[in-house]
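File shown: structure_34.pdb (PDB, C-alpha atoms).
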```pdb
ATOM      1  CA  MET A  27      29.472   8.126 -27.840
ATOM      2  CA  ARG A  28      26.531   6.318 -26.305
ATOM      3  CA  THR A  29      27.337   2.771 -25.216
ATOM      4  CA  ARG A  30      25.381   0.237 -27.269
ATOM      5  CA  ILE A  31      24.031  -3.170 -26.343
ATOM      6  CA  GLU A  32      26.538  -4.600 -28.857
ATOM      7  CA  ASP A  33      29.361  -3.141 -26.732
ATOM      8  CA  VAL A  34      28.013  -4.842 -23.614
ATOM      9  CA  ALA A  35      27.714  -8.160 -25.448
ATOM     10  CA  ALA A  36      31.301  -7.904 -26.735
ATOM     11  CA  THR A  37      32.705  -7.004 -23.306
ATOM     12  CA  ALA A  38      30.827  -9.841 -21.596
ATOM     13  CA  GLY A  39      31.582 -12.321 -24.381
ATOM     14  CA  VAL A  40      27.934 -13.212 -24.949
ATOM     15  CA  SER A  41      25.266 -12.654 -27.570
ATOM     16  CA  ILE A  42      23.076  -9.574 -27.775
ATOM     17  CA  LYS A  43      20.064 -11.781 -26.999
ATOM     18  CA  THR A  44      21.713 -12.953 -23.773
ATOM     19  CA  VAL A  45      22.338  -9.348 -22.730
ATOM     20  CA  SER A  46      18.680  -8.570 -23.415
ATOM     21  CA  ARG A  47      17.564 -11.523 -21.321
ATOM     22  CA  VAL A  48      19.716 -10.413 -18.409
ATOM     23  CA  LEU A  49      18.481  -6.813 -18.638
ATOM     24  CA  ASN A  50      14.891  -8.056 -18.630
ATOM     25  CA  ASN A  51      15.664 -10.297 -15.647
ATOM     26  CA  GLU A  52      14.422 -13.353 -17.526
ATOM     27  CA  PRO A  53      14.952 -16.855 -16.114
ATOM     28  CA  ASN A  54      17.212 -19.619 -17.442
ATOM     29  CA  VAL A  55      20.378 -17.517 -17.557
ATOM     30  CA  ARG A  56      23.349 -19.057 -15.762
ATOM     31  CA  ALA A  57      24.453 -17.143 -12.679
ATOM     32  CA  GLU A  58      28.015 -16.795 -14.016
ATOM     33  CA  THR A  59      26.748 -15.378 -17.321
ATOM     34  CA  ARG A  60      24.392 -12.996 -15.561
ATOM     35  CA  GLN A  61      27.245 -11.711 -13.388
ATOM     36  CA  ARG A  62      29.470 -11.113 -16.449
ATOM     37  CA  VAL A  63      26.755  -9.157 -18.217
ATOM     38  CA  GLU A  64      25.925  -7.094 -15.119
ATOM     39  CA  ALA A  65      29.622  -6.330 -14.635
ATOM     40  CA  ALA A  66      29.910  -5.203 -18.272
ATOM     41  CA  VAL A  67      26.803  -2.993 -17.898
ATOM     42  CA  ALA A  68      28.321  -1.361 -14.813
ATOM     43  CA  GLN A  69      31.768  -0.993 -16.399
ATOM     44  CA  LEU A  70      30.438   0.644 -19.557
ATOM     45  CA  GLY A  71      27.676   2.634 -17.850
ATOM     46  CA  TYR A  72      25.172   1.163 -20.285
ATOM     47  CA  LYS A  73      21.544   2.291 -20.101
ATOM     48  CA  PRO A  74      18.945   0.605 -22.309
ATOM     49  CA  ASN A  75      17.257   2.722 -24.966
ATOM     50  CA  PRO A  76      13.573   2.617 -23.935
ATOM     51  CA  SER A  77      12.243   3.260 -27.449
ATOM     52  CA  ALA A  78      14.352   0.578 -29.115
ATOM     53  CA  ARG A  79      13.596  -1.859 -26.336
ATOM     54  CA  SER A  80       9.849  -1.258 -26.662
ATOM     55  CA  LEU A  81       9.862  -1.710 -30.427
ATOM     56  CA  ALA A  82      11.869  -4.919 -30.251
ATOM     57  CA  ALA A  83       9.658  -6.507 -27.612
ATOM     58  CA  GLN A  84       6.358  -4.857 -28.604
ATOM     59  CA  ARG A  85       6.033  -3.621 -25.041
ATOM     60  CA  SER A  86       6.101  -0.173 -23.468
ATOM     61  CA  TYR A  87       8.233  -1.324 -20.516
ATOM     62  CA  ALA A  88       6.085   0.923 -18.354
ATOM     63  CA  LEU A  89       3.796   0.013 -15.466
ATOM     64  CA  ALA A  90       1.024   2.109 -13.972
ATOM     65  CA  LEU A  91      -0.022   2.634 -10.383
ATOM     66  CA  VAL A  92      -3.786   3.048 -10.663
ATOM     67  CA  TYR A  93      -5.278   4.625  -7.560
ATOM     68  CA  ASN A  94      -8.153   6.442  -5.916
ATOM     69  CA  ASN A  95      -6.951   6.833  -2.333
ATOM     70  CA  PRO A  96      -7.047  10.015  -0.225
ATOM     71  CA  SER A  97      -3.992   9.155   1.909
ATOM     72  CA  ARG A  98      -0.954  10.805   0.307
ATOM     73  CA  ASN A  99       1.393   9.147   2.804
ATOM     74  CA  TYR A 100       0.132   5.663   1.904
ATOM     75  CA  LEU A 101       0.299   6.431  -1.794
ATOM     76  CA  MET A 102       3.884   7.713  -1.570
ATOM     77  CA  GLU A 103       5.000   4.587   0.299
ATOM     78  CA  ILE A 104       3.474   2.299  -2.340
ATOM     79  CA  GLN A 105       4.956   4.420  -5.119
ATOM     80  CA  GLY A 106       8.411   4.225  -3.518
ATOM     81  CA  GLY A 107       8.310   0.432  -3.454
ATOM     82  CA  MET A 108       7.131   0.262  -7.050
ATOM     83  CA  LEU A 109       9.933   2.554  -8.166
ATOM     84  CA  GLU A 110      12.487   0.262  -6.515
ATOM     85  CA  ALA A 111      11.181  -2.756  -8.433
ATOM     86  CA  CYS A 112      10.814  -0.838 -11.714
ATOM     87  CA  HIS A 113      14.338   0.550 -11.512
ATOM     88  CA  ALA A 114      15.808  -2.878 -10.834
ATOM     89  CA  ARG A 115      14.069  -4.310 -13.910
ATOM     90  CA  HIS A 116      14.416  -1.299 -16.241
ATOM     91  CA  TYR A 117      10.736  -0.351 -16.264
ATOM     92  CA  ASN A 118       9.214   3.115 -16.082
ATOM     93  CA  LEU A 119       6.403   3.967 -13.676
ATOM     94  CA  LEU A 120       3.261   5.922 -14.547
ATOM     95  CA  LEU A 121       0.686   7.280 -12.110
ATOM     96  CA  GLY A 122      -2.949   6.815 -13.077
ATOM     97  CA  PRO A 123      -5.518   8.522 -10.838
ATOM     98  CA  VAL A 124      -8.977   7.228 -11.770
ATOM     99  CA  GLY A 125     -12.516   7.475 -10.520
ATOM    100  CA  THR A 126     -14.474   4.605  -9.035
ATOM    101  CA  GLY A 127     -17.249   2.591 -10.640
ATOM    102  CA  ARG A 128     -18.440   3.846 -14.026
ATOM    103  CA  GLN A 129     -16.452   7.054 -13.500
ATOM    104  CA  SER A 130     -13.246   5.034 -13.897
ATOM    105  CA  LEU A 131     -13.846   4.141 -17.544
ATOM    106  CA  PRO A 132     -12.825   7.449 -19.215
ATOM    107  CA  ASP A 133      -9.692   7.607 -17.042
ATOM    108  CA  LEU A 134      -8.711   4.004 -17.800
ATOM    109  CA  SER A 135      -9.333   4.442 -21.525
ATOM    110  CA  ALA A 136      -7.177   7.579 -21.633
ATOM    111  CA  LEU A 137      -4.368   5.887 -19.687
ATOM    112  CA  PHE A 138      -4.132   2.871 -21.969
ATOM    113  CA  GLU A 139      -4.744   4.703 -25.235
ATOM    114  CA  ASN A 140      -2.135   7.373 -24.519
ATOM    115  CA  SER A 141       0.551   5.583 -22.484
ATOM    116  CA  ARG A 142      -0.075   1.857 -23.094
ATOM    117  CA  PRO A 143       1.470   0.481 -19.878
ATOM    118  CA  ASP A 144       2.210  -3.246 -19.905
ATOM    119  CA  GLY A 145       0.307  -3.759 -16.656
ATOM    120  CA  VAL A 146      -1.040  -2.041 -13.550
ATOM    121  CA  VAL A 147      -0.863  -2.277  -9.787
ATOM    122  CA  LEU A 148      -4.155  -1.559  -8.024
ATOM    123  CA  ILE A 149      -4.525  -0.262  -4.464
ATOM    124  CA  PRO A 150      -7.745  -0.048  -2.402
ATOM    125  CA  PRO A 151     -10.514   0.657  -3.162
ATOM    126  CA  LEU A 152      -9.789  -0.114  -6.833
ATOM    127  CA  THR A 153      -8.473  -3.596  -5.951
ATOM    128  CA  ASP A 154     -12.100  -4.713  -5.637
ATOM    129  CA  ASP A 155     -13.895  -2.298  -7.957
ATOM    130  CA  PRO A 156     -15.868  -4.549 -10.354
ATOM    131  CA  VAL A 157     -15.913  -1.970 -13.159
ATOM    132  CA  VAL A 158     -12.124  -1.543 -13.041
ATOM    133  CA  LEU A 159     -11.511  -5.299 -12.851
ATOM    134  CA  ASP A 160     -13.922  -6.012 -15.720
ATOM    135  CA  TYR A 161     -12.165  -3.408 -17.888
ATOM    136  CA  LEU A 162      -8.727  -4.918 -17.245
ATOM    137  CA  ASP A 163      -9.973  -8.464 -17.827
ATOM    138  CA  ALA A 164     -11.820  -7.529 -21.017
ATOM    139  CA  HIS A 165      -8.702  -5.862 -22.428
ATOM    140  CA  GLN A 166      -6.401  -8.667 -21.173
ATOM    141  CA  ILE A 167      -4.284  -6.218 -19.188
ATOM    142  CA  PRO A 168      -2.178  -7.881 -16.453
ATOM    143  CA  TYR A 169      -2.636  -6.449 -12.958
ATOM    144  CA  ALA A 170      -1.526  -7.045  -9.395
ATOM    145  CA  CYS A 171      -3.531  -6.101  -6.308
ATOM    146  CA  ILE A 172      -2.532  -4.706  -2.945
ATOM    147  CA  ALA A 173      -4.838  -5.698  -0.055
ATOM    148  CA  PRO A 174      -7.770  -7.120  -2.060
ATOM    149  CA  ILE A 175     -10.891  -8.182  -0.169
ATOM    150  CA  HIS A 176     -11.091 -11.278  -2.358
ATOM    151  CA  PRO A 177      -7.505 -12.507  -2.903
ATOM    152  CA  ARG A 178      -8.395 -15.827  -4.509
ATOM    153  CA  ASP A 179      -7.027 -16.196  -8.052
ATOM    154  CA  ARG A 180      -5.298 -12.796  -7.748
ATOM    155  CA  ILE A 181      -1.630 -11.921  -7.615
ATOM    156  CA  GLY A 182      -0.139  -9.240  -5.404
ATOM    157  CA  VAL A 183       0.324  -8.645  -1.679
ATOM    158  CA  ARG A 184      -1.878  -8.694   1.414
ATOM    159  CA  MET A 185      -1.579  -8.572   5.210
ATOM    160  CA  ASP A 186      -3.641  -9.974   8.091
ATOM    161  CA  GLU A 187      -5.000  -6.622   9.222
ATOM    162  CA  THR A 188      -7.606  -8.074  11.584
ATOM    163  CA  THR A 189      -5.018  -9.874  13.706
ATOM    164  CA  ALA A 190      -2.873  -6.749  13.759
ATOM    165  CA  VAL A 191      -5.745  -4.686  15.196
ATOM    166  CA  VAL A 192      -6.574  -7.369  17.754
ATOM    167  CA  GLU A 193      -3.012  -7.004  19.040
ATOM    168  CA  LEU A 194      -3.171  -3.200  18.964
ATOM    169  CA  ILE A 195      -6.453  -2.967  20.899
ATOM    170  CA  GLY A 196      -5.132  -5.635  23.260
ATOM    171  CA  HIS A 197      -2.324  -3.216  24.126
ATOM    172  CA  LEU A 198      -4.862  -0.510  25.039
ATOM    173  CA  VAL A 199      -6.891  -2.956  27.119
ATOM    174  CA  ALA A 200      -3.758  -4.082  28.962
ATOM    175  CA  GLN A 201      -3.130  -0.434  29.868
ATOM    176  CA  GLY A 202      -6.564  -0.259  31.483
ATOM    177  CA  HIS A 203      -8.668   1.341  28.757
ATOM    178  CA  ARG A 204     -12.278   0.186  28.597
ATOM    179  CA  ARG A 205     -13.842   2.980  26.593
ATOM    180  CA  ILE A 206     -12.051   2.879  23.253
ATOM    181  CA  GLY A 207     -13.248   4.869  20.260
ATOM    182  CA  HIS A 208     -12.724   3.798  16.665
ATOM    183  CA  ILE A 209     -12.594   5.942  13.511
ATOM    184  CA  LEU A 210     -13.483   3.760  10.547
ATOM    185  CA  GLY A 211     -11.965   3.781   7.086
ATOM    186  CA  PRO A 212     -14.118   4.654   4.054
ATOM    187  CA  ARG A 213     -16.823   2.344   2.786
ATOM    188  CA  GLY A 214     -15.670   0.046   0.006
ATOM    189  CA  HIS A 215     -12.203  -0.474   1.486
ATOM    190  CA  GLY A 216     -11.288  -3.905   2.764
ATOM    191  CA  ALA A 217      -9.340  -2.061   5.456
ATOM    192  CA  ARG A 218     -12.606  -0.753   6.919
ATOM    193  CA  GLN A 219     -14.081  -4.183   7.513
ATOM    194  CA  TRP A 220     -10.806  -5.886   8.548
ATOM    195  CA  ARG A 221      -9.825  -3.219  11.050
ATOM    196  CA  GLN A 222     -13.308  -2.921  12.516
ATOM    197  CA  ALA A 223     -13.448  -6.716  12.817
ATOM    198  CA  GLY A 224     -10.176  -6.674  14.766
ATOM    199  CA  TYR A 225     -11.510  -3.899  17.023
ATOM    200  CA  ARG A 226     -14.669  -5.847  17.837
ATOM    201  CA  GLN A 227     -12.824  -9.132  18.258
ATOM    202  CA  ALA A 228     -10.408  -7.566  20.748
ATOM    203  CA  LEU A 229     -13.285  -6.054  22.762
ATOM    204  CA  ARG A 230     -15.041  -9.430  22.952
ATOM    205  CA  ALA A 231     -11.844 -11.123  24.115
ATOM    206  CA  ALA A 232     -11.564  -8.535  26.903
ATOM    207  CA  GLY A 233     -15.218  -8.845  27.943
ATOM    208  CA  ILE A 234     -15.998  -5.265  26.865
ATOM    209  CA  ASP A 235     -19.399  -4.600  25.319
ATOM    210  CA  TYR A 236     -19.419  -3.076  21.847
ATOM    211  CA  ASP A 237     -20.811   0.473  21.929
ATOM    212  CA  PRO A 238     -21.835   1.773  18.475
ATOM    213  CA  ALA A 239     -21.646   5.351  19.780
ATOM    214  CA  LEU A 240     -17.863   4.924  19.991
ATOM    215  CA  VAL A 241     -17.533   4.027  16.296
ATOM    216  CA  VAL A 242     -17.655   6.862  13.750
ATOM    217  CA  ASN A 243     -17.047   7.115  10.029
ATOM    218  CA  GLY A 244     -13.850   8.433   8.454
ATOM    219  CA  ARG A 245     -12.463   8.683   4.927
ATOM    220  CA  PHE A 246      -8.727   8.120   5.534
ATOM    221  CA  SER A 247      -8.130  11.875   5.182
ATOM    222  CA  PHE A 248      -6.858  14.273   7.845
ATOM    223  CA  GLU A 249      -9.973  16.413   7.511
ATOM    224  CA  SER A 250     -12.317  13.482   8.088
ATOM    225  CA  GLY A 251     -10.235  12.490  11.106
ATOM    226  CA  VAL A 252     -10.745  15.909  12.732
ATOM    227  CA  GLU A 253     -14.499  15.655  12.174
ATOM    228  CA  ALA A 254     -14.658  12.111  13.559
ATOM    229  CA  ALA A 255     -12.475  12.914  16.585
ATOM    230  CA  ASN A 256     -14.684  15.858  17.489
ATOM    231  CA  ALA A 257     -17.754  13.626  17.310
ATOM    232  CA  LEU A 258     -16.163  11.198  19.758
ATOM    233  CA  LEU A 259     -14.870  13.878  22.114
ATOM    234  CA  ASP A 260     -18.303  15.557  22.149
ATOM    235  CA  LEU A 261     -19.870  12.453  23.730
ATOM    236  CA  GLU A 262     -21.193  12.849  27.266
ATOM    237  CA  THR A 263     -18.681  10.181  28.301
ATOM    238  CA  PRO A 264     -15.856  10.457  25.749
ATOM    239  CA  PRO A 265     -13.387   7.646  25.119
ATOM    240  CA  THR A 266     -10.094   7.457  26.986
ATOM    241  CA  ALA A 267      -8.414   6.095  23.848
ATOM    242  CA  ILE A 268      -9.087   6.394  20.128
ATOM    243  CA  PHE A 269      -7.969   3.952  17.443
ATOM    244  CA  ALA A 270      -8.004   5.594  14.007
ATOM    245  CA  ALA A 271      -7.960   3.280  10.995
ATOM    246  CA  ASN A 272      -4.961   5.054   9.488
ATOM    247  CA  ASP A 273      -2.167   7.364  10.629
ATOM    248  CA  ASP A 274      -3.493  10.452   8.830
ATOM    249  CA  MET A 275      -6.719  10.306  10.840
ATOM    250  CA  ALA A 276      -4.783   9.519  14.029
ATOM    251  CA  ALA A 277      -2.755  12.705  13.490
ATOM    252  CA  ALA A 278      -6.043  14.546  13.118
ATOM    253  CA  VAL A 279      -7.121  13.285  16.548
ATOM    254  CA  TYR A 280      -4.076  15.107  17.985
ATOM    255  CA  ARG A 281      -5.367  18.319  16.368
ATOM    256  CA  ALA A 282      -8.894  17.922  17.728
ATOM    257  CA  ALA A 283      -7.624  17.017  21.189
ATOM    258  CA  GLY A 284      -5.173  19.930  21.288
ATOM    259  CA  GLN A 285      -7.877  22.416  20.337
ATOM    260  CA  ARG A 286      -9.764  21.293  23.462
ATOM    261  CA  GLY A 287      -6.740  21.599  25.722
ATOM    262  CA  LEU A 288      -6.308  17.818  25.947
ATOM    263  CA  ARG A 289      -2.816  16.332  25.930
ATOM    264  CA  VAL A 290      -1.805  13.052  24.317
ATOM    265  CA  PRO A 291      -1.396  10.623  26.064
ATOM    266  CA  ARG A 292      -2.063  12.235  29.467
ATOM    267  CA  ASP A 293      -5.737  12.906  28.699
ATOM    268  CA  LEU A 294      -6.273  10.746  25.621
ATOM    269  CA  SER A 295      -4.393   7.802  24.153
ATOM    270  CA  VAL A 296      -4.245   7.650  20.353
ATOM    271  CA  CYS A 297      -3.145   4.924  17.952
ATOM    272  CA  GLY A 298      -3.249   4.495  14.203
ATOM    273  CA  PHE A 299      -2.447   2.059  11.413
ATOM    274  CA  ASP A 300       0.176   1.885   8.610
ATOM    275  CA  ASP A 301       3.284   3.453  10.205
ATOM    276  CA  THR A 302       3.620   6.037   7.453
ATOM    277  CA  PRO A 303       6.237   8.788   8.023
ATOM    278  CA  ILE A 304       3.731  11.018   9.818
ATOM    279  CA  ALA A 305       3.626   8.501  12.710
ATOM    280  CA  GLY A 306       7.183   9.400  13.654
ATOM    281  CA  HIS A 307       6.963  13.089  12.763
ATOM    282  CA  ILE A 308       4.179  14.074  15.144
ATOM    283  CA  PHE A 309       4.741  14.491  18.891
ATOM    284  CA  PRO A 310       4.410  12.353  20.847
ATOM    285  CA  ALA A 311       5.305   9.621  18.365
ATOM    286  CA  LEU A 312       2.292   7.537  17.372
ATOM    287  CA  THR A 313       1.581   3.995  18.511
ATOM    288  CA  THR A 314       0.548   2.216  15.333
ATOM    289  CA  VAL A 315       0.630  -0.958  13.253
ATOM    290  CA  ARG A 316       3.508  -1.200  10.833
ATOM    291  CA  GLN A 317       2.153  -2.231   7.463
ATOM    292  CA  PRO A 318       5.222  -2.582   5.227
ATOM    293  CA  THR A 319       3.682  -0.529   2.426
ATOM    294  CA  THR A 320       6.941   0.159   0.593
ATOM    295  CA  GLN A 321       7.710  -3.559   0.616
ATOM    296  CA  MET A 322       4.157  -4.302  -0.541
ATOM    297  CA  GLY A 323       4.506  -1.913  -3.463
ATOM    298  CA  ARG A 324       7.796  -3.508  -4.461
ATOM    299  CA  GLN A 325       6.561  -7.088  -4.168
ATOM    300  CA  ALA A 326       3.302  -6.420  -6.008
ATOM    301  CA  THR A 327       5.331  -4.925  -8.856
ATOM    302  CA  GLU A 328       7.635  -7.938  -8.932
ATOM    303  CA  GLN A 329       4.638 -10.280  -9.137
ATOM    304  CA  LEU A 330       3.148  -8.176 -11.923
ATOM    305  CA  ILE A 331       6.336  -8.305 -13.992
ATOM    306  CA  GLU A 332       6.411 -12.080 -13.576
ATOM    307  CA  ARG A 333       2.792 -12.247 -14.814
ATOM    308  CA  ILE A 334       3.622 -10.036 -17.813
ATOM    309  CA  ARG A 335       6.441 -12.396 -18.786
ATOM    310  CA  THR A 336       4.546 -15.623 -18.136
ATOM    311  CA  ALA A 337       0.745 -15.693 -18.074
ATOM    312  CA  SER A 338       0.621 -18.372 -15.375
ATOM    313  CA  ALA A 339       3.257 -16.776 -13.112
ATOM    314  CA  GLY A 340       2.775 -14.599 -10.054
ATOM    315  CA  ARG A 341       1.112 -15.261  -6.708
ATOM    316  CA  MET A 342      -0.514 -13.609  -3.708
ATOM    317  CA  ILE A 343       2.060 -12.888  -0.984
ATOM    318  CA  THR A 344       1.168 -12.373   2.685
ATOM    319  CA  VAL A 345       3.486 -10.018   4.581
ATOM    320  CA  GLU A 346       4.023  -9.720   8.331
ATOM    321  CA  HIS A 347       2.873  -6.828  10.525
ATOM    322  CA  ALA A 348       4.228  -5.365  13.745
ATOM    323  CA  VAL A 349       2.560  -3.383  16.532
ATOM    324  CA  LEU A 350       4.806  -0.418  17.379
ATOM    325  CA  VAL A 351       4.168   0.887  20.883
ATOM    326  CA  ARG A 352       5.304   4.514  21.117
ATOM    327  CA  GLU A 353       4.561   7.511  23.332
ATOM    328  CA  SER A 354       0.969   8.237  22.279
ATOM    329  CA  THR A 355      -0.600   5.579  24.516
ATOM    330  CA  ALA A 356      -0.623   5.383  28.310
ATOM    331  CA  PRO A 357      -2.928   4.151  31.100
ATOM    332  CA  PRO A 358      -6.095   6.276  31.407
ATOM    333  CA  ARG A 359      -6.205   9.011  33.996
ATOM    334  CA  ARG A 360      -8.539   8.613  36.945
ATOM    335  CA  ARG A 361     -11.342  11.125  36.795
TER     336      ARG A 361
END
```
What's the structure tokens form of this structure?
Amino acid sequence: MRTRIEDVAATAGVSIKTVSRVLNNEPNVRAETRQRVEAAVAQLGYKPNPSARSLAAQRSYALALVYNNPSRNYLMEIQGGMLEACHARHYNLLLGPVGTGRQSLPDLSALFENSRPDGVVLIPPLTDDPVVLDYLDAHQIPYACIAPIHPRDRIGVRMDETTAVVELIGHLVAQGHRRIGHILGPRGHGARQWRQAGYRQALRAAGIDYDPALVVNGRFSFESGVEAANALLDLETPPTAIFAANDDMAAAVYRAAGQRGLRVPRDLSVCGFDDTPIAGHIFPALTTVRQPTTQMGRQATEQLIERIRTASAGRMITVEHAVLVRESTAPPRRR
């Protein structure tokens, strides 16, 4: 027979309401009581009934990851962190791909009419899409943001991406590179402006003039990275190093370089941003910035659940970065 919440309460010697509060990770439960309930849950193998739980609390106990981002690696990392937080707090996770601007409205309406999630986590570029934000505010739907351009009065997670890029480009400069190309992220992403700002700031600090010919547009996709890398390598004086604004586009630089008979890092140094799994899977391993995206997904979800429980709860968390120097960067060859 299926273990019931009444069985857990009897084993732990507490009320059904106390068991419910522990399962929902609500505050004001004594540590000793919480431990007894958790031990009883483990002993009995109890799993909450989602339908009964939803009816009792008038919630769906589901959260949605709402996204419009071409990087599958980034998306999977965020999703993994959200799943960790949802599992720990007995929530389900829904995926909600939506358009941008006015195109987002039919997708958002369908998501909330059909699935009714209790709240959403937004990732760029939707974190700053005014149409999406207005819809959520108008319908009083709680949300948390990852990497918003305007973090004030928001809850979620962010990172100082500009400082991270300053450190990354500083590494290339220290190796002797003076002609450094940059593949931008897509327009509308905070990452585009933050990472370009770090690139320019690092060049100024090194006394290197900014050359707009060395900066080309990308869309965070592998395909756009190949196109951008070819544009840089076609220059009369190509760069000796290329910084791509994410790891997918950095991997694409390897492809474009290899098709020309260039070896990384002997002929061209390459670095990226995010430290998604692809950074360690390609050869040579990619020098990049570690953005703890799994952690960011988990923490944004935790802040969202706090906001769902208490309207004034939740905050904007700033996480640390790390520059990971691997085998894809080396001093430039003399020509």
Name the closest residue to Phe246 in chain A among the candidates A:Leu210, A:Val158, A:Leu229, A:Leu294; distances are taken between atoms, counting all atoms listed in the file.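 Once distances to Phe246 in chain A are computed over all atoms listed in the file, the minimum belongs to A:Leu210.
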Excluding range 34-51 of chain A and its own-chain neighbours fewer than 5 positions away, which residues fall within 7 Å of it when counting all atoms listed in the file? Please give them as a short mmCIF file (atom, residue, chain, number, x, y, z; two decimals) with C-alpha atoms, in the frame of the given file.
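What ended up in around.cif:
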```cif
data_model
loop_
_atom_site.label_atom_id
_atom_site.label_comp_id
_atom_site.auth_asym_id
_atom_site.auth_seq_id
_atom_site.Cartn_x
_atom_site.Cartn_y
_atom_site.Cartn_z
CA ARG A 60 24.39 -13.00 -15.56
CA ARG A 62 29.47 -11.11 -16.45
CA VAL A 63 26.76 -9.16 -18.22
CA ALA A 66 29.91 -5.20 -18.27
CA VAL A 67 26.80 -2.99 -17.90
CA ARG A 115 14.07 -4.31 -13.91
#
```
Please write as a PyMOL selection string the full residue list that the PyMOL selection byres ((chain A and resi 305) around 10) yields on this file. chain A and resi 272-274+276-277+297-304+306-316+352+354
Go through the shown structure with the PyMOL selection byres ((chain A and resi 326) around 12) and write out the matching residues as a PyMOL selection string. chain A and resi 89-91+104-105+107-112+145-149+168-174+180-184+319-325+327-333+340-345
Between A:Ala232, A:Val349, A:Ala88, A:Ala254, which is the closest to Leu119 in chain A once you count all atoms listed in the file? A:Ala88
Taking all atoms listed in the file into account, which of A:Ala164, A:Arg359, A:Tyr225, A:Ala339 comes nearest Ala190 in chain A?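 Using all atoms listed in the file, Ala190 in chain A sits closest to A:Tyr225.
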Residue with smallest distance to Pro318 in chain A - pool A:Met185, A:Ala283, A:Gly214, A:Arg226, counting all atoms listed in the file: A:Met185
Given all atoms listed in the file as the counted atoms, nearest of A:Ser247, A:Thr126, A:Ser141, A:Ser295 to Arg204 in chain A: A:Ser295
Tell me, as a list in words, which residues lie within 9 Å of Glu253 in chain A, counting all atoms listed in the file; anything in the same chain fewer than 6 positions away does not count.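 Here the answer would be Gly244, Ala278, Val279 and Ala282 of chain A.
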What's around Arg230 in chain A at 12 Å? Count all atoms listed in the file, leave out sequence neighbours fewer than 5 positions away in its own chain, and write the answer as number ranges by chain. A: 192, 195-196, 199, 204, 223-225, 235-237
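Counting all atoms listed in the file, the residue from A:Ala114, A:Thr29, A:Val296, A:Ile334 that sits nearest to Pro143 in chain A is A:Ile334.
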Test item: residues at most 12 Å from Asn243 in chain A, all atoms listed in the file, excluding those fewer than 3 positions along its chain, as a compact mmCIF listing (two decimals) with C-alpha atoms, in the frame of the given file:
```txt
# COMPACT_ATOMS: atom_id res chain seq x y z
CA GLY A 207 -13.25 4.87 20.26
CA HIS A 208 -12.72 3.80 16.66
CA ILE A 209 -12.59 5.94 13.51
CA LEU A 210 -13.48 3.76 10.55
CA GLY A 211 -11.96 3.78 7.09
CA PRO A 212 -14.12 4.65 4.05
CA ARG A 213 -16.82 2.34 2.79
CA ARG A 218 -12.61 -0.75 6.92
CA GLN A 219 -14.08 -4.18 7.51
CA GLN A 222 -13.31 -2.92 12.52
CA PRO A 238 -21.84 1.77 18.48
CA ALA A 239 -21.65 5.35 19.78
CA LEU A 240 -17.86 4.92 19.99
CA PHE A 246 -8.73 8.12 5.53
CA SER A 247 -8.13 11.88 5.18
CA GLU A 249 -9.97 16.41 7.51
CA SER A 250 -12.32 13.48 8.09
CA GLY A 251 -10.24 12.49 11.11
CA VAL A 252 -10.74 15.91 12.73
CA GLU A 253 -14.50 15.66 12.17
CA ALA A 254 -14.66 12.11 13.56
CA ALA A 255 -12.48 12.91 16.58
CA ASN A 256 -14.68 15.86 17.49
CA ALA A 257 -17.75 13.63 17.31
CA LEU A 258 -16.16 11.20 19.76
CA ALA A 270 -8.00 5.59 14.01
CA ALA A 271 -7.96 3.28 11.00
CA MET A 275 -6.72 10.31 10.84
```
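The space separating CA of Asp260 in chain A from CA of Arg289 in chain A comes to 16.0 Å.
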By how many Å are CA of Ile175 in chain A and CA of Thr153 in chain A apart?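 Separation of CA of Ile175 in chain A and CA of Thr153 in chain A: 7.8 Å.
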So the first atom is CA of Arg221 in chain A and the second is CA of Asp155 in chain A; what is the distance between them in Å, to one decimal place? 19.5 Å
Regenerate range 263-270 of chain A at the level of N, CA and C atoms and dump it as a PDB file, in the frame of the given file.
```pdb
ATOM      1  N   THR A 263     -19.805  10.901  27.705  1.00  0.00           N
ATOM      2  CA  THR A 263     -18.681  10.181  28.301  1.00  0.00           C
ATOM      3  C   THR A 263     -17.721   9.848  27.172  1.00  0.00           C
ATOM      4  N   PRO A 264     -16.746  10.693  26.897  1.00  0.00           N
ATOM      5  CA  PRO A 264     -15.856  10.457  25.749  1.00  0.00           C
ATOM      6  C   PRO A 264     -14.914   9.290  26.007  1.00  0.00           C
ATOM      7  N   PRO A 265     -14.337   8.760  24.957  1.00  0.00           N
ATOM      8  CA  PRO A 265     -13.387   7.646  25.119  1.00  0.00           C
ATOM      9  C   PRO A 265     -12.092   8.107  25.782  1.00  0.00           C
ATOM     10  N   THR A 266     -11.429   7.159  26.432  1.00  0.00           N
ATOM     11  CA  THR A 266     -10.094   7.457  26.986  1.00  0.00           C
ATOM     12  C   THR A 266      -9.001   7.134  25.976  1.00  0.00           C
ATOM     13  N   ALA A 267      -9.363   6.425  24.914  1.00  0.00           N
ATOM     14  CA  ALA A 267      -8.414   6.095  23.848  1.00  0.00           C
ATOM     15  C   ALA A 267      -9.165   6.065  22.529  1.00  0.00           C
ATOM     16  N   ILE A 268      -8.490   6.432  21.467  1.00  0.00           N
ATOM     17  CA  ILE A 268      -9.087   6.394  20.128  1.00  0.00           C
ATOM     18  C   ILE A 268      -8.140   5.647  19.188  1.00  0.00           C
ATOM     19  N   PHE A 269      -8.691   4.662  18.496  1.00  0.00           N
ATOM     20  CA  PHE A 269      -7.969   3.952  17.443  1.00  0.00           C
ATOM     21  C   PHE A 269      -8.489   4.451  16.103  1.00  0.00           C
ATOM     22  N   ALA A 270      -7.654   5.132  15.347  1.00  0.00           N
ATOM     23  CA  ALA A 270      -8.004   5.594  14.007  1.00  0.00           C
ATOM     24  C   ALA A 270      -7.492   4.582  12.990  1.00  0.00           C
TER      25      ALA A 270
END
```
